[in-house]
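Participant: The following block contains the structure, expressed as structure tokens.
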Amino acid sequence: MKTLVVYSSQSGNTRKLADAVFAAIDAEKEIYPVDEAPDPSGYNPVAVGFWFKAGKPDHLSLEFLSKIKGQNLFFFATHGAAAGSAHAEDAMSHARSLVPEAKVLGTFSCQGEVNPEILERVSKKPEPPVWLKDAPHAVGHPNRNDIQELKKELENIRKKFGW
């Protein structure tokens with residue numbers, strides 16, 4: 001069966017990760033932006049990349065995830081929060097909870113540079129988001145090291161599950 005790579009990317013951050021995932025797969029594969037993605041039922045595994053909005057995958061990715069049933073799945077994401085932060089971990093856990101029938105082979109997330117206009121807008125909120133304090137450290141991400149870490153995670157999955 002073919003592997004499907006699907007991504008949602010506003011600023012190009014998650015697209016960088018999607019391209020790295022796609023390049024690392026040594027099998028028959030297809031890649032699509034989430035709004036052009038085919039029905040995932042004919043693919044296994046499926047790799048889904050998204051950006052976080054309010055601690056969850058973005059709305060287009062949420063719609064796509066509702067179509068995932070029994071496939072093997074790999075999540076990858078970008079966000080303004082610090083890598084490994086409670087906010088990032090909680091958001092990835094939420095994504096996992098959306099696909100109870102899928103087998104999640106692994107996940108990867110890293111910071112992604114946040115658009116300055118978004119930073120300005122959210123900083124004016126009465127209760128700014130928890131990730132805002134981490135956003136200055138996201139400048140330049142995902143970078144070469146992030147891509148290398150993603151490739152290591154994919155290699156670990158390949159060794160463990162044969163993907």
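Ordering of the structure tokens sets the chain letters (A, B, ...), residue numbers begin anew at 1 in every chain, and ligands are numbered from 1 in the order given.
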Can you check which residues of segment 15-153 of chain A DSSP gives as strand (DSSP E or B) on the backbone and send them as number ranges by chain?
Facilitator: A: 29-33, 43-53, 56-57, 72-79, 103-111
Participant: Give me the residues near segment 31-38 of chain A as a short mmCIF file (atom, residue, chain, number, x, y, z; two decimals) with all heavy atoms, in the first residue's frame, where near means some atom within 7 Å (using only C-alpha atoms) and where sequence neighbours in that chain fewer than 2 positions away do not count.
Facilitator:
```
data_model
loop_
_atom_site.label_atom_id
_atom_site.label_comp_id
_atom_site.auth_asym_id
_atom_site.auth_seq_id
_atom_site.Cartn_x
_atom_site.Cartn_y
_atom_site.Cartn_z
N LEU A 4 0.95 7.94 2.54
CA LEU A 4 0.40 9.27 2.29
C LEU A 4 1.00 10.25 3.28
O LEU A 4 1.00 9.99 4.49
CB LEU A 4 -1.12 9.25 2.44
CG LEU A 4 -1.86 10.58 2.27
CD1 LEU A 4 -1.68 11.13 0.85
CD2 LEU A 4 -3.35 10.39 2.58
N VAL A 5 1.52 11.35 2.76
CA VAL A 5 2.01 12.46 3.60
C VAL A 5 1.08 13.64 3.34
O VAL A 5 0.91 14.05 2.19
CB VAL A 5 3.47 12.84 3.27
CG1 VAL A 5 3.93 14.02 4.12
CG2 VAL A 5 4.40 11.63 3.43
N VAL A 6 0.49 14.14 4.40
CA VAL A 6 -0.45 15.26 4.32
C VAL A 6 0.03 16.32 5.30
O VAL A 6 0.46 15.99 6.41
CB VAL A 6 -1.88 14.79 4.70
CG1 VAL A 6 -2.83 15.96 4.79
CG2 VAL A 6 -2.38 13.77 3.71
N TYR A 7 -0.06 17.58 4.90
CA TYR A 7 0.40 18.65 5.79
C TYR A 7 -0.47 19.88 5.65
O TYR A 7 -1.07 20.14 4.63
CB TYR A 7 1.86 19.01 5.49
CG TYR A 7 2.02 19.60 4.12
CD1 TYR A 7 1.95 20.97 3.93
CD2 TYR A 7 2.20 18.78 3.01
CE1 TYR A 7 2.06 21.52 2.65
CE2 TYR A 7 2.31 19.31 1.75
CZ TYR A 7 2.24 20.69 1.58
OH TYR A 7 2.32 21.23 0.33
N SER A 8 -0.50 20.64 6.74
CA SER A 8 -1.12 21.96 6.75
C SER A 8 -0.04 22.94 7.17
O SER A 8 0.65 22.72 8.18
CB SER A 8 -2.28 21.98 7.75
OG SER A 8 -2.85 23.26 7.81
N PHE A 22 8.66 13.16 3.49
CA PHE A 22 8.46 12.58 2.16
C PHE A 22 9.78 12.05 1.59
O PHE A 22 9.83 10.93 1.07
CB PHE A 22 7.83 13.62 1.23
CG PHE A 22 7.41 13.07 -0.09
CD1 PHE A 22 6.27 12.28 -0.21
CD2 PHE A 22 8.14 13.34 -1.24
CE1 PHE A 22 5.87 11.77 -1.44
CE2 PHE A 22 7.75 12.84 -2.47
CZ PHE A 22 6.61 12.06 -2.57
N LYS A 29 4.80 6.50 -2.50
CA LYS A 29 4.32 7.57 -1.63
C LYS A 29 3.72 8.70 -2.43
O LYS A 29 4.01 8.85 -3.61
CB LYS A 29 5.48 8.10 -0.80
CG LYS A 29 6.62 8.65 -1.68
CD LYS A 29 7.88 8.88 -0.90
CE LYS A 29 9.00 9.29 -1.87
NZ LYS A 29 10.29 9.44 -1.22
N PRO A 40 -7.96 9.08 2.91
CA PRO A 40 -6.80 8.33 3.40
C PRO A 40 -7.02 6.82 3.50
O PRO A 40 -6.06 6.09 3.78
CB PRO A 40 -6.56 8.93 4.79
CG PRO A 40 -7.91 9.38 5.23
CD PRO A 40 -8.59 9.86 3.98
N LEU A 60 -8.14 22.61 9.53
CA LEU A 60 -8.12 21.75 8.34
C LEU A 60 -7.58 20.36 8.69
O LEU A 60 -8.08 19.34 8.20
CB LEU A 60 -7.30 22.37 7.22
CG LEU A 60 -7.89 23.61 6.55
CD1 LEU A 60 -6.91 24.20 5.55
CD2 LEU A 60 -9.21 23.28 5.87
N SER A 61 -6.58 20.33 9.55
CA SER A 61 -6.03 19.04 9.97
C SER A 61 -7.02 18.27 10.83
O SER A 61 -7.12 17.04 10.72
CB SER A 61 -4.72 19.25 10.73
OG SER A 61 -3.75 19.81 9.86
#
```
Participant: Counting only C-alpha atoms, which residue out of A:Leu105, A:Ala138, A:Ala27, A:Ile118 sits closest to Phe74 of chain A?
Facilitator: A:Leu105
Participant: Mind pulling up the distance from atom CA of Gly112 of chain A to atom CA of Gly12 of chain A?
Facilitator: 8.9 Å
Participant: What's around His137 of chain A at 12 Å? Count only C-alpha atoms, leave out sequence neighbours fewer than 2 positions away in its own chain, and write the answer as a PyMOL selection string.
Facilitator: chain A and resi 79-83+110-114+131-135+139-143
Participant: Any idea what's packed within 9 Å of Leu73 of chain A, counting only C-alpha atoms, ignoring anything in its chain fewer than 6 positions away? Could you give it as a PyMOL selection string?
Facilitator: chain A and resi 44-48+102-107
Participant: Take the selection from the previous step and output its residues with N, CA and C atoms, as a compact mmCIF listing (two decimals), in the first residue's frame.
Facilitator:
```txt
# COMPACT_ATOMS: atom_id res chain seq x y z
N ASN A 44 -1.54 3.40 3.74
CA ASN A 44 -1.06 2.96 5.05
C ASN A 44 0.44 2.75 4.95
N PRO A 45 1.21 3.48 5.75
CA PRO A 45 0.82 4.43 6.78
C PRO A 45 0.48 5.81 6.21
N VAL A 46 0.02 6.66 7.14
CA VAL A 46 -0.30 8.04 6.82
C VAL A 46 0.50 8.93 7.76
N ALA A 47 1.19 9.92 7.20
CA ALA A 47 1.92 10.91 8.00
C ALA A 47 1.16 12.23 7.89
N VAL A 48 0.82 12.81 9.03
CA VAL A 48 0.03 14.04 9.04
C VAL A 48 0.79 15.12 9.79
N ALA A 102 -6.55 4.43 15.14
CA ALA A 102 -5.26 4.37 14.45
C ALA A 102 -4.16 3.89 15.40
N LYS A 103 -3.12 3.35 14.81
CA LYS A 103 -1.92 3.01 15.57
C LYS A 103 -0.91 4.12 15.31
N VAL A 104 -0.64 4.93 16.32
CA VAL A 104 0.31 6.04 16.16
C VAL A 104 1.71 5.46 16.34
N LEU A 105 2.46 5.44 15.25
CA LEU A 105 3.81 4.89 15.25
C LEU A 105 4.80 5.81 15.93
N GLY A 106 4.53 7.10 15.88
CA GLY A 106 5.43 8.07 16.49
C GLY A 106 4.97 9.48 16.21
N THR A 107 5.64 10.40 16.88
CA THR A 107 5.34 11.82 16.70
C THR A 107 6.64 12.61 16.71
```
Participant: List every residue of chain A that DSSP, applied to the backbone of this structure, assigns to alpha helix (DSSP H), and report them as a PyMOL selection string.
Facilitator: chain A and resi 13-24+59-65+86-97+116-123+144-161
Participant: Find the residue from A:Val130, A:Val122, A:Ala88, A:Ala24 that sits nearest to Lys152 of chain A; use only C-alpha atoms when measuring.
Facilitator: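 The closest residue to Lys152 of chain A is A:Ala24.
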Participant: List as a list in words the protein and nucleic acid residues near Lys56 of chain A, meaning an atom at most 8 Å away when only C-alpha atoms are counted, but skip any in the same chain fewer than 3 places from it.
Facilitator: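 Near Lys56 of chain A, the qualifying residues are Phe52, Lys53, Ala91, Met92, His94 and Ala95 of chain A.
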Participant: For all heavy atoms, I'd like the residues from the last selection saved as a short mmCIF file (atom, residue, chain, number, x, y, z; two decimals), in the first residue's frame.
Facilitator:
```cif
data_model
loop_
_atom_site.label_atom_id
_atom_site.label_comp_id
_atom_site.auth_asym_id
_atom_site.auth_seq_id
_atom_site.Cartn_x
_atom_site.Cartn_y
_atom_site.Cartn_z
N PHE A 52 -0.11 24.10 15.42
CA PHE A 52 -1.03 24.16 16.55
C PHE A 52 -1.78 25.49 16.58
O PHE A 52 -1.19 26.54 16.37
CB PHE A 52 -0.29 24.03 17.88
CG PHE A 52 0.35 22.68 18.09
CD1 PHE A 52 1.50 22.58 18.85
CD2 PHE A 52 -0.18 21.53 17.57
CE1 PHE A 52 2.09 21.36 19.08
CE2 PHE A 52 0.40 20.29 17.79
CZ PHE A 52 1.55 20.21 18.55
N LYS A 53 -3.05 25.40 16.86
CA LYS A 53 -3.88 26.58 17.08
C LYS A 53 -4.67 26.33 18.35
O LYS A 53 -5.44 25.36 18.41
CB LYS A 53 -4.82 26.82 15.90
CG LYS A 53 -5.66 28.07 16.09
CD LYS A 53 -6.46 28.40 14.86
CE LYS A 53 -7.22 29.69 15.14
NZ LYS A 53 -7.85 30.19 13.95
N ALA A 91 -0.76 19.35 23.25
CA ALA A 91 -1.36 19.47 21.92
C ALA A 91 -1.18 18.18 21.12
O ALA A 91 -2.11 17.72 20.44
CB ALA A 91 -0.76 20.66 21.17
N MET A 92 -0.02 17.56 21.24
CA MET A 92 0.21 16.30 20.52
C MET A 92 -0.64 15.19 21.14
O MET A 92 -1.18 14.34 20.41
CB MET A 92 1.69 15.93 20.54
CG MET A 92 2.07 14.90 19.52
SD MET A 92 1.75 15.35 17.78
CE MET A 92 3.18 16.35 17.40
N HIS A 94 -3.53 15.63 22.46
CA HIS A 94 -4.87 15.88 21.95
C HIS A 94 -5.02 15.30 20.54
O HIS A 94 -6.04 14.68 20.22
CB HIS A 94 -5.20 17.38 21.96
CG HIS A 94 -6.55 17.68 21.44
ND1 HIS A 94 -7.69 17.45 22.16
CD2 HIS A 94 -6.96 18.14 20.22
CE1 HIS A 94 -8.75 17.77 21.43
NE2 HIS A 94 -8.32 18.19 20.25
N ALA A 95 -4.02 15.51 19.71
CA ALA A 95 -4.06 14.97 18.35
C ALA A 95 -4.20 13.45 18.39
O ALA A 95 -5.00 12.87 17.64
CB ALA A 95 -2.81 15.37 17.58
#
```
Participant: Between atom CA of Ile147 of chain A and atom CA of Asp19 of chain A, what is the spacing in Å?
Facilitator: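 Taking atom CA of Asp19 of chain A as the start and atom CA of Ile147 of chain A as the end point, the length is 9.8 Å.
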Participant: Could you check how far atom CA of Ser109 of chain A sits from atom CA of Asp90 of chain A, in Å to one decimal?
Facilitator: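 Interatomic distance here is 11.6 Å.
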